Amino acid sequence: MSTENAPATPGRWWAMATLSMGVALVVMDATVVNVALPVVIEDLGLDASGAQWMNAVYSLVFASLMLTSGRLGDVYGRRRAYSVGLTAFMVASILAGAAWSPAVLIGARFLQGMGAALVLPSTLSTLNAMFTGKERSIAFAIWGSTIGGMAAVGPLVGGWLATDVSWRWAFWLNIPCGLLTLVGIRKHLVETRDPDLPKGTDMLGVPLSALGIGGIVFALIEGQAYGWWLQDSGDLSPVPVSLVLGVILLATFVVVERRRAAAGKVVLIDLGLLRIKSFRFGVVAALVVAMGEFGLLFTLPLLLQGALGYTALGTGVIVLALALGTFLISAATPQLAAKLGQRGVVRLGLSLEALAVGGLAVTLSSSISSWAIAAWLFVYGLGVGLATAQLTSVILVGVPVAESGQASGFQTTVRQLGSALGVAVLGTVLITVLTTSTGDRLDEAGTAAAQRDQAVTIVHQSAGAGIPLLLADPATEAAGQAAADAMIHASKWATGLAAGVLVLGLAATLALPALPADSEGRSTGSRMERAGGRRPTP
């Protein structure tokens, strides 16, 4: 049934604010601890692998449970799912802020990811049910801008708290904001669900996909700790075993999903959607955008604080340039879409992202100014704003109406998976090159073996956060300077790789088919409206 003339929901803009607040919390929490990472490493004794897991596990769980939790909201009520997910998120935030060991912090981040997986799909489905016509276009624009912008605002908030208060408040801040959101849910949101949803559950899909992705991410993160093939003791490393098992589980997942779909049973992901050219290449672009943004936001603060001498707050202020670019370009996106088409806007956005990250990689040095870094991040933010704003529409353009919900969940899951892979891949490159380069530079300087090994260990285990401590001690100042130079070298490699990945994403958009004439220049909300089909029953 068309939703164009469906009656408007009273108090819907207050509801929009309530939905945006929840989205802001779960998105910001993916990046809020990034600039506080060196402080957390020092406070809890977090090692390099632990630092990556603290970020990656949140996005990994988020991605693994997204489709399942979205279905729970459709069946039992999205307002209820939103409330339960936000409450779980808040409880996990209390635990994360009170963490007394790395294991507790990583475990709390795991629980946060479970809560966030209930929040995000329920907000999108509720928004789609409450708004119609042009108002829906505005609502989706607000929702999309919140996701793009809050990911970049997180580092500023985290930097301020880590510098002037405590990194623990980066998590505890979720409590007052969450309570305010719960009040808004109670007062302004109506319950919606999908009464026509096919019955049944894909019991194998969730563990197969989650364990498969988890095995691959484990291998990427822990390769530097256990060895890519053999451990220091000569025994076989668990890394290749985890990688092979992850691939086998994902291959099994594909077989199971195809057989269930052929039998007409409920599936976690309809892999047949990948036969649609616009969806297939659009999803690749979405994966790349997430990998670049979240990988960059993980590695850049380590460079700024470890090698360039910035405080956590100073790092957050610099990264704020990314958010400013994202927010400012949002006002011009509709006009650009009208002139260039949605496909053209996505390509322009990815081109700006690749240019900015590549430019940052080339110009990084010990003497680079904060203004130069901020300028590259601002250009990068412009690209993120353009690509994110139109990518959802481009992905869904060829998807049949009956498959729109499945497709929306699929592309959102891919974005979260990209976040986890970005942290794992770019983080691993940064730390591996940093460790190797530090050792090489100390060998060239003729540093005593004992002092060299000690410095390399400190740098490796702290992911570079220990460099300022080495520089502050006259006895290790030379080693600290070698490590700082190595960090800049490693960052050039990591950002250069990120730029290369973004170029691949841009290449994927070149394969996108031409959109229908009536689709070009439409907003995300219009596309989602056509794909949304019927209005869920209150």
# chains A, B, ... in the order shown; residues from 1 in each chain; ligands from 1
>>> residues_around(residues="Tyr226 in chain A", least_positions_apart="6", cutoff="12 Å", atoms="only C-alpha atoms", output="compact mmCIF listing (two decimals) with all heavy atoms, in the first residue's frame")
# COMPACT_ATOMS: atom_id res chain seq x y z
N SER A 49 46.90 -5.20 20.54
CA SER A 49 45.76 -6.01 20.12
C SER A 49 44.51 -5.63 20.89
O SER A 49 43.41 -5.55 20.32
CB SER A 49 46.06 -7.50 20.33
OG SER A 49 47.14 -7.93 19.51
N PHE A 218 39.66 -11.77 13.90
CA PHE A 218 40.64 -12.24 14.89
C PHE A 218 42.01 -12.43 14.23
O PHE A 218 43.04 -12.01 14.77
CB PHE A 218 40.18 -13.55 15.52
CG PHE A 218 41.19 -14.17 16.46
CD1 PHE A 218 41.22 -13.82 17.80
CD2 PHE A 218 42.12 -15.10 15.99
CE1 PHE A 218 42.16 -14.39 18.65
CE2 PHE A 218 43.06 -15.66 16.84
CZ PHE A 218 43.08 -15.30 18.17
N ALA A 219 42.01 -13.06 13.05
CA ALA A 219 43.28 -13.31 12.37
C ALA A 219 43.97 -12.00 11.99
O ALA A 219 45.19 -11.86 12.15
CB ALA A 219 43.03 -14.16 11.12
N LEU A 220 43.21 -11.03 11.51
CA LEU A 220 43.80 -9.75 11.11
C LEU A 220 44.39 -9.01 12.31
O LEU A 220 45.46 -8.40 12.21
CB LEU A 220 42.74 -8.89 10.43
CG LEU A 220 42.26 -9.36 9.05
CD1 LEU A 220 41.06 -8.54 8.59
CD2 LEU A 220 43.38 -9.29 8.04
N ASP A 232 56.53 -17.60 18.33
CA ASP A 232 57.95 -17.50 18.67
C ASP A 232 58.52 -18.83 19.14
O ASP A 232 59.71 -19.11 18.96
CB ASP A 232 58.14 -16.44 19.77
CG ASP A 232 57.83 -15.04 19.27
OD1 ASP A 232 57.86 -14.82 18.05
OD2 ASP A 232 57.53 -14.17 20.12
N SER A 233 57.66 -19.67 19.74
CA SER A 233 58.11 -20.96 20.23
C SER A 233 58.31 -21.97 19.10
O SER A 233 58.87 -23.05 19.32
CB SER A 233 57.07 -21.53 21.22
OG SER A 233 55.82 -21.74 20.56
N GLY A 234 57.86 -21.64 17.91
CA GLY A 234 57.94 -22.56 16.78
C GLY A 234 56.66 -23.33 16.53
O GLY A 234 56.54 -24.02 15.51
N ASP A 235 55.72 -23.25 17.46
CA ASP A 235 54.44 -23.93 17.29
C ASP A 235 53.56 -23.18 16.28
O ASP A 235 53.76 -21.99 16.03
CB ASP A 235 53.70 -24.02 18.63
CG ASP A 235 54.44 -24.87 19.65
OD1 ASP A 235 55.17 -25.79 19.22
OD2 ASP A 235 54.30 -24.60 20.86
N LEU A 236 52.60 -23.90 15.74
CA LEU A 236 51.68 -23.29 14.78
C LEU A 236 50.87 -22.18 15.46
O LEU A 236 50.34 -22.35 16.54
CB LEU A 236 50.73 -24.34 14.21
CG LEU A 236 49.67 -23.83 13.22
CD1 LEU A 236 50.34 -23.33 11.94
CD2 LEU A 236 48.66 -24.94 12.91
N SER A 237 50.80 -21.04 14.80
CA SER A 237 50.01 -19.93 15.33
C SER A 237 48.51 -20.20 15.15
O SER A 237 48.11 -20.85 14.18
CB SER A 237 50.39 -18.64 14.59
OG SER A 237 49.48 -17.60 14.87
N PRO A 238 47.68 -19.71 16.08
CA PRO A 238 46.23 -19.86 15.90
C PRO A 238 45.68 -18.97 14.78
O PRO A 238 44.52 -19.13 14.38
CB PRO A 238 45.67 -19.45 17.27
CG PRO A 238 46.69 -18.52 17.84
CD PRO A 238 48.01 -19.05 17.35
N VAL A 239 46.49 -18.04 14.28
CA VAL A 239 46.01 -17.08 13.28
C VAL A 239 45.59 -17.74 11.98
O VAL A 239 44.47 -17.53 11.49
CB VAL A 239 47.07 -15.99 13.04
CG1 VAL A 239 46.72 -15.14 11.82
CG2 VAL A 239 47.19 -15.09 14.28
N PRO A 240 46.45 -18.57 11.33
CA PRO A 240 45.99 -19.20 10.09
C PRO A 240 44.81 -20.15 10.30
O PRO A 240 43.95 -20.28 9.43
CB PRO A 240 47.23 -19.95 9.59
CG PRO A 240 48.10 -20.11 10.79
CD PRO A 240 47.85 -18.91 11.64
N VAL A 241 44.77 -20.80 11.46
CA VAL A 241 43.64 -21.69 11.78
C VAL A 241 42.35 -20.88 11.86
O VAL A 241 41.31 -21.26 11.29
CB VAL A 241 43.89 -22.43 13.11
CG1 VAL A 241 42.67 -23.28 13.49
CG2 VAL A 241 45.14 -23.28 13.03
N SER A 242 42.42 -19.74 12.55
CA SER A 242 41.24 -18.88 12.69
C SER A 242 40.80 -18.34 11.34
O SER A 242 39.60 -18.29 11.03
CB SER A 242 41.57 -17.71 13.63
OG SER A 242 40.49 -16.81 13.71
>>> select_by_dssp(residues="range 299-533 of chain A", states="helix (DSSP H, G or I)", output="MDAnalysis selection string")
chainID A and resid 299:306 312:330 333:363 370:396 401:444 449:461 467:472 477:510 524:532
>>> residues_around(residues="Gly439 in chain A", least_positions_apart="2", cutoff="9 Å", atoms="only C-alpha atoms", output="number ranges by chain")
A: 434-437, 441-444, 452-453, 455-456, 482-483, 486
>>> residues_around(residues="range 424-429 of chain A", least_positions_apart="2", cutoff="7 Å", atoms="only C-alpha atoms", output="VMD selection string")
chain A and resid 52 56 217 220 to 221 295 299 420 to 422 431 to 433 494
>>> residues_around(residues="Glu257 in chain A", least_positions_apart="3", cutoff="9 Å", atoms="only C-alpha atoms", output="PyMOL selection string")
chain A and resi 202+204-205+252-254+260-262+266-271
>>> write_last_selection(atoms="N, CA and C atoms", output="PDB file, in the first residue's frame")
ATOM      1  N   ASP A 202      15.972 -18.029  11.081  1.00  0.00           N
ATOM      2  CA  ASP A 202      17.177 -18.618  10.501  1.00  0.00           C
ATOM      3  C   ASP A 202      18.163 -18.897  11.633  1.00  0.00           C
ATOM      4  N   LEU A 204      20.622 -21.047  11.956  1.00  0.00           N
ATOM      5  CA  LEU A 204      22.037 -21.275  11.628  1.00  0.00           C
ATOM      6  C   LEU A 204      22.723 -20.028  11.093  1.00  0.00           C
ATOM      7  N   GLY A 205      21.958 -19.142  10.494  1.00  0.00           N
ATOM      8  CA  GLY A 205      22.557 -17.983   9.834  1.00  0.00           C
ATOM      9  C   GLY A 205      23.339 -17.097  10.770  1.00  0.00           C
ATOM     10  N   THR A 252      30.093 -21.872   4.320  1.00  0.00           N
ATOM     11  CA  THR A 252      28.954 -22.672   4.776  1.00  0.00           C
ATOM     12  C   THR A 252      27.711 -21.804   4.915  1.00  0.00           C
ATOM     13  N   PHE A 253      27.895 -20.597   5.410  1.00  0.00           N
ATOM     14  CA  PHE A 253      26.787 -19.651   5.548  1.00  0.00           C
ATOM     15  C   PHE A 253      26.136 -19.375   4.195  1.00  0.00           C
ATOM     16  N   VAL A 254      26.964 -19.170   3.175  1.00  0.00           N
ATOM     17  CA  VAL A 254      26.447 -18.899   1.826  1.00  0.00           C
ATOM     18  C   VAL A 254      25.622 -20.083   1.331  1.00  0.00           C
ATOM     19  N   ARG A 260      18.137 -22.392   1.949  1.00  0.00           N
ATOM     20  CA  ARG A 260      16.926 -21.951   2.639  1.00  0.00           C
ATOM     21  C   ARG A 260      16.078 -21.074   1.706  1.00  0.00           C
ATOM     22  N   ALA A 261      16.750 -20.188   0.962  1.00  0.00           N
ATOM     23  CA  ALA A 261      16.011 -19.319   0.050  1.00  0.00           C
ATOM     24  C   ALA A 261      15.322 -20.143  -1.040  1.00  0.00           C
ATOM     25  N   ALA A 262      16.031 -21.162  -1.568  1.00  0.00           N
ATOM     26  CA  ALA A 262      15.444 -22.009  -2.606  1.00  0.00           C
ATOM     27  C   ALA A 262      14.247 -22.791  -2.085  1.00  0.00           C
ATOM     28  N   VAL A 266      12.694 -18.590   5.652  1.00  0.00           N
ATOM     29  CA  VAL A 266      13.226 -17.297   6.065  1.00  0.00           C
ATOM     30  C   VAL A 266      14.754 -17.352   6.079  1.00  0.00           C
ATOM     31  N   VAL A 267      15.399 -16.343   5.519  1.00  0.00           N
ATOM     32  CA  VAL A 267      16.858 -16.279   5.497  1.00  0.00           C
ATOM     33  C   VAL A 267      17.327 -15.010   6.197  1.00  0.00           C
ATOM     34  N   LEU A 268      18.531 -15.076   6.754  1.00  0.00           N
ATOM     35  CA  LEU A 268      19.115 -13.902   7.393  1.00  0.00           C
ATOM     36  C   LEU A 268      19.464 -12.841   6.352  1.00  0.00           C
ATOM     37  N   ILE A 269      20.053 -13.292   5.245  1.00  0.00           N
ATOM     38  CA  ILE A 269      20.409 -12.398   4.138  1.00  0.00           C
ATOM     39  C   ILE A 269      20.002 -13.063   2.828  1.00  0.00           C
ATOM     40  N   ASP A 270      19.269 -12.347   2.017  1.00  0.00           N
ATOM     41  CA  ASP A 270      18.908 -12.848   0.693  1.00  0.00           C
ATOM     42  C   ASP A 270      20.072 -12.554  -0.255  1.00  0.00           C
ATOM     43  N   LEU A 271      20.915 -13.565  -0.462  1.00  0.00           N
ATOM     44  CA  LEU A 271      22.100 -13.377  -1.299  1.00  0.00           C
ATOM     45  C   LEU A 271      21.741 -13.143  -2.758  1.00  0.00           C
TER      46      LEU A 271
END
>>> residues_around(residues="range 325-333 of chain A", least_positions_apart="6", cutoff="6 Å", atoms="only C-alpha atoms", output="compact mmCIF listing (two decimals) with C-alpha atoms, in the first residue's frame")
# COMPACT_ATOMS: atom_id res chain seq x y z
CA GLY A 149 28.43 13.71 11.48
CA PHE A 378 37.67 18.93 6.04
CA GLY A 381 34.42 15.25 5.48
CA LEU A 382 32.95 16.85 2.36
CA GLY A 385 28.87 13.84 3.48
>>> closest_residue(among="A:Val35, A:Leu471, A:Met130, A:Ala450", to="Arg78 in chain A", atoms="only C-alpha atoms")
A:Met130
>>> closest_residue(among="A:Leu245, A:Ala387, A:Ile185, A:Leu303", to="Ile467 in chain A", atoms="only C-alpha atoms")
A:Leu303
>>> residues_around(residues="Leu60 in chain A", least_positions_apart="3", cutoff="12 Å", atoms="only C-alpha atoms", output="PyMOL selection string")
chain A and resi 30+52-57+63-66+109-114+116-117+209-218+413-424
>>> closest_residue(among="A:Val39, A:Leu230, A:Val119, A:Ile142", to="Trp13 in chain A", atoms="only C-alpha atoms")
A:Ile142
>>> closest_residue(among="A:Val165, A:Val27, A:Val345, A:Ala103", to="Leu120 in chain A", atoms="only C-alpha atoms")
A:Val27
>>> atom_distance(atom1="CA of Trp14 in chain A", atom2="CA of Ala407 in chain A")
28.0 Å
>>> closest_residue(among="A:Met28, A:Leu470, A:Leu304, A:Val157", to="Ile368 in chain A", atoms="only C-alpha atoms")
A:Leu304
>>> closest_residue(among="A:Ile395, A:Val84, A:Pro102, A:Arg343", to="Gly45 in chain A", atoms="only C-alpha atoms")
A:Pro102
>>> atom_distance(atom1="CA of Val288 in chain A", atom2="CA of Leu118 in chain A")
23.8 Å
>>> atom_distance(atom1="CA of Leu360 in chain A", atom2="CA of Gly316 in chain A")
17.1 Å
>>> decode(residues="range 94-222 of chain A", atoms="C-alpha atoms", output="PDB file, in the first residue's frame")
ATOM      1  CA  ILE A  94      28.255   1.904  33.013  1.00  0.00           C
ATOM      2  CA  LEU A  95      30.383  -1.249  33.017  1.00  0.00           C
ATOM      3  CA  ALA A  96      32.747   0.124  30.347  1.00  0.00           C
ATOM      4  CA  GLY A  97      33.285   3.335  32.311  1.00  0.00           C
ATOM      5  CA  ALA A  98      33.979   1.365  35.480  1.00  0.00           C
ATOM      6  CA  ALA A  99      36.302  -1.141  33.747  1.00  0.00           C
ATOM      7  CA  TRP A 100      39.251  -2.194  35.889  1.00  0.00           C
ATOM      8  CA  SER A 101      40.983  -4.368  33.283  1.00  0.00           C
ATOM      9  CA  PRO A 102      41.258  -4.653  29.494  1.00  0.00           C
ATOM     10  CA  ALA A 103      39.113  -7.806  29.510  1.00  0.00           C
ATOM     11  CA  VAL A 104      36.270  -6.045  31.311  1.00  0.00           C
ATOM     12  CA  LEU A 105      36.423  -3.078  28.939  1.00  0.00           C
ATOM     13  CA  ILE A 106      36.398  -5.269  25.824  1.00  0.00           C
ATOM     14  CA  GLY A 107      33.557  -7.358  27.298  1.00  0.00           C
ATOM     15  CA  ALA A 108      31.559  -4.198  27.986  1.00  0.00           C
ATOM     16  CA  ARG A 109      32.139  -3.036  24.411  1.00  0.00           C
ATOM     17  CA  PHE A 110      30.790  -6.413  23.260  1.00  0.00           C
ATOM     18  CA  LEU A 111      27.608  -5.819  25.272  1.00  0.00           C
ATOM     19  CA  GLN A 112      27.357  -2.261  23.940  1.00  0.00           C
ATOM     20  CA  GLY A 113      27.409  -3.673  20.422  1.00  0.00           C
ATOM     21  CA  MET A 114      24.481  -5.962  21.276  1.00  0.00           C
ATOM     22  CA  GLY A 115      22.430  -3.023  22.527  1.00  0.00           C
ATOM     23  CA  ALA A 116      23.373  -0.839  19.562  1.00  0.00           C
ATOM     24  CA  ALA A 117      22.277  -3.588  17.168  1.00  0.00           C
ATOM     25  CA  LEU A 118      18.745  -3.255  18.553  1.00  0.00           C
ATOM     26  CA  VAL A 119      18.759   0.538  18.484  1.00  0.00           C
ATOM     27  CA  LEU A 120      19.823   1.412  14.937  1.00  0.00           C
ATOM     28  CA  PRO A 121      17.442  -0.746  12.826  1.00  0.00           C
ATOM     29  CA  SER A 122      14.488   0.064  15.087  1.00  0.00           C
ATOM     30  CA  THR A 123      15.053   3.817  14.612  1.00  0.00           C
ATOM     31  CA  LEU A 124      15.182   3.460  10.831  1.00  0.00           C
ATOM     32  CA  SER A 125      12.029   1.322  10.674  1.00  0.00           C
ATOM     33  CA  THR A 126      10.141   3.628  13.048  1.00  0.00           C
ATOM     34  CA  LEU A 127      11.129   6.667  11.018  1.00  0.00           C
ATOM     35  CA  ASN A 128       9.918   4.987   7.846  1.00  0.00           C
ATOM     36  CA  ALA A 129       6.568   4.249   9.541  1.00  0.00           C
ATOM     37  CA  MET A 130       5.976   7.704  11.034  1.00  0.00           C
ATOM     38  CA  PHE A 131       6.817  10.001   8.106  1.00  0.00           C
ATOM     39  CA  THR A 132       5.373  10.272   4.618  1.00  0.00           C
ATOM     40  CA  GLY A 133       5.905  12.297   1.453  1.00  0.00           C
ATOM     41  CA  LYS A 134       8.351  15.196   1.549  1.00  0.00           C
ATOM     42  CA  GLU A 135       8.600  15.019   5.338  1.00  0.00           C
ATOM     43  CA  ARG A 136      10.049  11.550   5.017  1.00  0.00           C
ATOM     44  CA  SER A 137      12.745  12.930   2.714  1.00  0.00           C
ATOM     45  CA  ILE A 138      13.682  15.483   5.368  1.00  0.00           C
ATOM     46  CA  ALA A 139      13.597  12.850   8.115  1.00  0.00           C
ATOM     47  CA  PHE A 140      15.918  10.502   6.222  1.00  0.00           C
ATOM     48  CA  ALA A 141      18.292  13.383   5.506  1.00  0.00           C
ATOM     49  CA  ILE A 142      18.447  14.140   9.242  1.00  0.00           C
ATOM     50  CA  TRP A 143      18.979  10.457  10.056  1.00  0.00           C
ATOM     51  CA  GLY A 144      21.776  10.095   7.488  1.00  0.00           C
ATOM     52  CA  SER A 145      23.517  13.322   8.516  1.00  0.00           C
ATOM     53  CA  THR A 146      23.400  12.202  12.150  1.00  0.00           C
ATOM     54  CA  ILE A 147      25.262   9.013  11.275  1.00  0.00           C
ATOM     55  CA  GLY A 148      27.912  10.749   9.169  1.00  0.00           C
ATOM     56  CA  GLY A 149      28.425  13.705  11.482  1.00  0.00           C
ATOM     57  CA  MET A 150      28.367  12.039  14.902  1.00  0.00           C
ATOM     58  CA  ALA A 151      31.082   9.586  13.882  1.00  0.00           C
ATOM     59  CA  ALA A 152      33.364  12.617  13.522  1.00  0.00           C
ATOM     60  CA  VAL A 153      32.022  14.497  16.568  1.00  0.00           C
ATOM     61  CA  GLY A 154      32.870  11.523  18.798  1.00  0.00           C
ATOM     62  CA  PRO A 155      36.635  12.203  18.841  1.00  0.00           C
ATOM     63  CA  LEU A 156      36.078  15.820  19.972  1.00  0.00           C
ATOM     64  CA  VAL A 157      33.855  14.712  22.850  1.00  0.00           C
ATOM     65  CA  GLY A 158      36.261  11.939  23.785  1.00  0.00           C
ATOM     66  CA  GLY A 159      39.265  14.266  23.604  1.00  0.00           C
ATOM     67  CA  TRP A 160      37.639  16.868  25.838  1.00  0.00           C
ATOM     68  CA  LEU A 161      36.615  14.280  28.429  1.00  0.00           C
ATOM     69  CA  ALA A 162      40.005  12.525  28.408  1.00  0.00           C
ATOM     70  CA  THR A 163      41.854  15.839  28.806  1.00  0.00           C
ATOM     71  CA  ASP A 164      39.689  17.717  31.316  1.00  0.00           C
ATOM     72  CA  VAL A 165      37.635  15.035  33.076  1.00  0.00           C
ATOM     73  CA  SER A 166      38.302  11.294  32.575  1.00  0.00           C
ATOM     74  CA  TRP A 167      38.138   8.867  29.669  1.00  0.00           C
ATOM     75  CA  ARG A 168      35.566   6.938  31.701  1.00  0.00           C
ATOM     76  CA  TRP A 169      33.038   9.702  31.109  1.00  0.00           C
ATOM     77  CA  ALA A 170      33.247   8.967  27.395  1.00  0.00           C
ATOM     78  CA  PHE A 171      31.050   6.012  28.347  1.00  0.00           C
ATOM     79  CA  TRP A 172      29.175   7.432  31.332  1.00  0.00           C
ATOM     80  CA  LEU A 173      27.999  10.370  29.225  1.00  0.00           C
ATOM     81  CA  ASN A 174      25.647   7.878  27.591  1.00  0.00           C
ATOM     82  CA  ILE A 175      23.638   7.563  30.802  1.00  0.00           C
ATOM     83  CA  PRO A 176      22.068  11.055  31.098  1.00  0.00           C
ATOM     84  CA  CYS A 177      21.629  11.242  27.318  1.00  0.00           C
ATOM     85  CA  GLY A 178      20.126   7.764  27.295  1.00  0.00           C
ATOM     86  CA  LEU A 179      17.709   8.547  30.108  1.00  0.00           C
ATOM     87  CA  LEU A 180      16.544  11.652  28.262  1.00  0.00           C
ATOM     88  CA  THR A 181      16.018   9.521  25.157  1.00  0.00           C
ATOM     89  CA  LEU A 182      13.999   6.939  27.113  1.00  0.00           C
ATOM     90  CA  VAL A 183      11.690   9.740  28.277  1.00  0.00           C
ATOM     91  CA  GLY A 184      11.271  10.793  24.636  1.00  0.00           C
ATOM     92  CA  ILE A 185      10.490   7.202  23.630  1.00  0.00           C
ATOM     93  CA  ARG A 186       7.779   6.972  26.261  1.00  0.00           C
ATOM     94  CA  LYS A 187       6.208  10.340  25.386  1.00  0.00           C
ATOM     95  CA  HIS A 188       6.583  10.656  21.622  1.00  0.00           C
ATOM     96  CA  LEU A 189       7.032   7.275  19.917  1.00  0.00           C
ATOM     97  CA  VAL A 190       4.148   5.053  18.866  1.00  0.00           C
ATOM     98  CA  GLU A 191       4.581   1.298  18.593  1.00  0.00           C
ATOM     99  CA  THR A 192       4.928  -0.102  15.076  1.00  0.00           C
ATOM    100  CA  ARG A 193       5.428  -3.645  13.818  1.00  0.00           C
ATOM    101  CA  ASP A 194       5.063  -5.631  10.620  1.00  0.00           C
ATOM    102  CA  PRO A 195       2.075  -8.031  10.914  1.00  0.00           C
ATOM    103  CA  ASP A 196       2.707  -9.560   7.471  1.00  0.00           C
ATOM    104  CA  LEU A 197       6.288 -10.642   8.165  1.00  0.00           C
ATOM    105  CA  PRO A 198       6.908 -14.284   7.145  1.00  0.00           C
ATOM    106  CA  LYS A 199       7.150 -16.586  10.149  1.00  0.00           C
ATOM    107  CA  GLY A 200      10.255 -18.560  10.992  1.00  0.00           C
ATOM    108  CA  THR A 201      13.833 -18.005  12.167  1.00  0.00           C
ATOM    109  CA  ASP A 202      17.177 -18.618  10.501  1.00  0.00           C
ATOM    110  CA  MET A 203      18.802 -20.373  13.453  1.00  0.00           C
ATOM    111  CA  LEU A 204      22.037 -21.275  11.628  1.00  0.00           C
ATOM    112  CA  GLY A 205      22.557 -17.983   9.834  1.00  0.00           C
ATOM    113  CA  VAL A 206      23.425 -15.896  12.901  1.00  0.00           C
ATOM    114  CA  PRO A 207      26.176 -18.111  14.422  1.00  0.00           C
ATOM    115  CA  LEU A 208      27.683 -19.019  11.040  1.00  0.00           C
ATOM    116  CA  SER A 209      27.987 -15.388   9.904  1.00  0.00           C
ATOM    117  CA  ALA A 210      29.080 -14.054  13.303  1.00  0.00           C
ATOM    118  CA  LEU A 211      31.719 -16.741  13.906  1.00  0.00           C
ATOM    119  CA  GLY A 212      32.941 -16.583  10.312  1.00  0.00           C
ATOM    120  CA  ILE A 213      33.435 -12.819  10.352  1.00  0.00           C
ATOM    121  CA  GLY A 214      34.844 -13.018  13.879  1.00  0.00           C
ATOM    122  CA  GLY A 215      37.424 -15.610  12.829  1.00  0.00           C
ATOM    123  CA  ILE A 216      38.687 -13.413   9.987  1.00  0.00           C
ATOM    124  CA  VAL A 217      38.823 -10.276  12.145  1.00  0.00           C
ATOM    125  CA  PHE A 218      40.645 -12.236  14.890  1.00  0.00           C
ATOM    126  CA  ALA A 219      43.277 -13.307  12.368  1.00  0.00           C
ATOM    127  CA  LEU A 220      43.795  -9.753  11.115  1.00  0.00           C
ATOM    128  CA  ILE A 221      44.139  -8.271  14.608  1.00  0.00           C
ATOM    129  CA  GLU A 222      46.100 -11.033  16.353  1.00  0.00           C
TER     130      GLU A 222
END
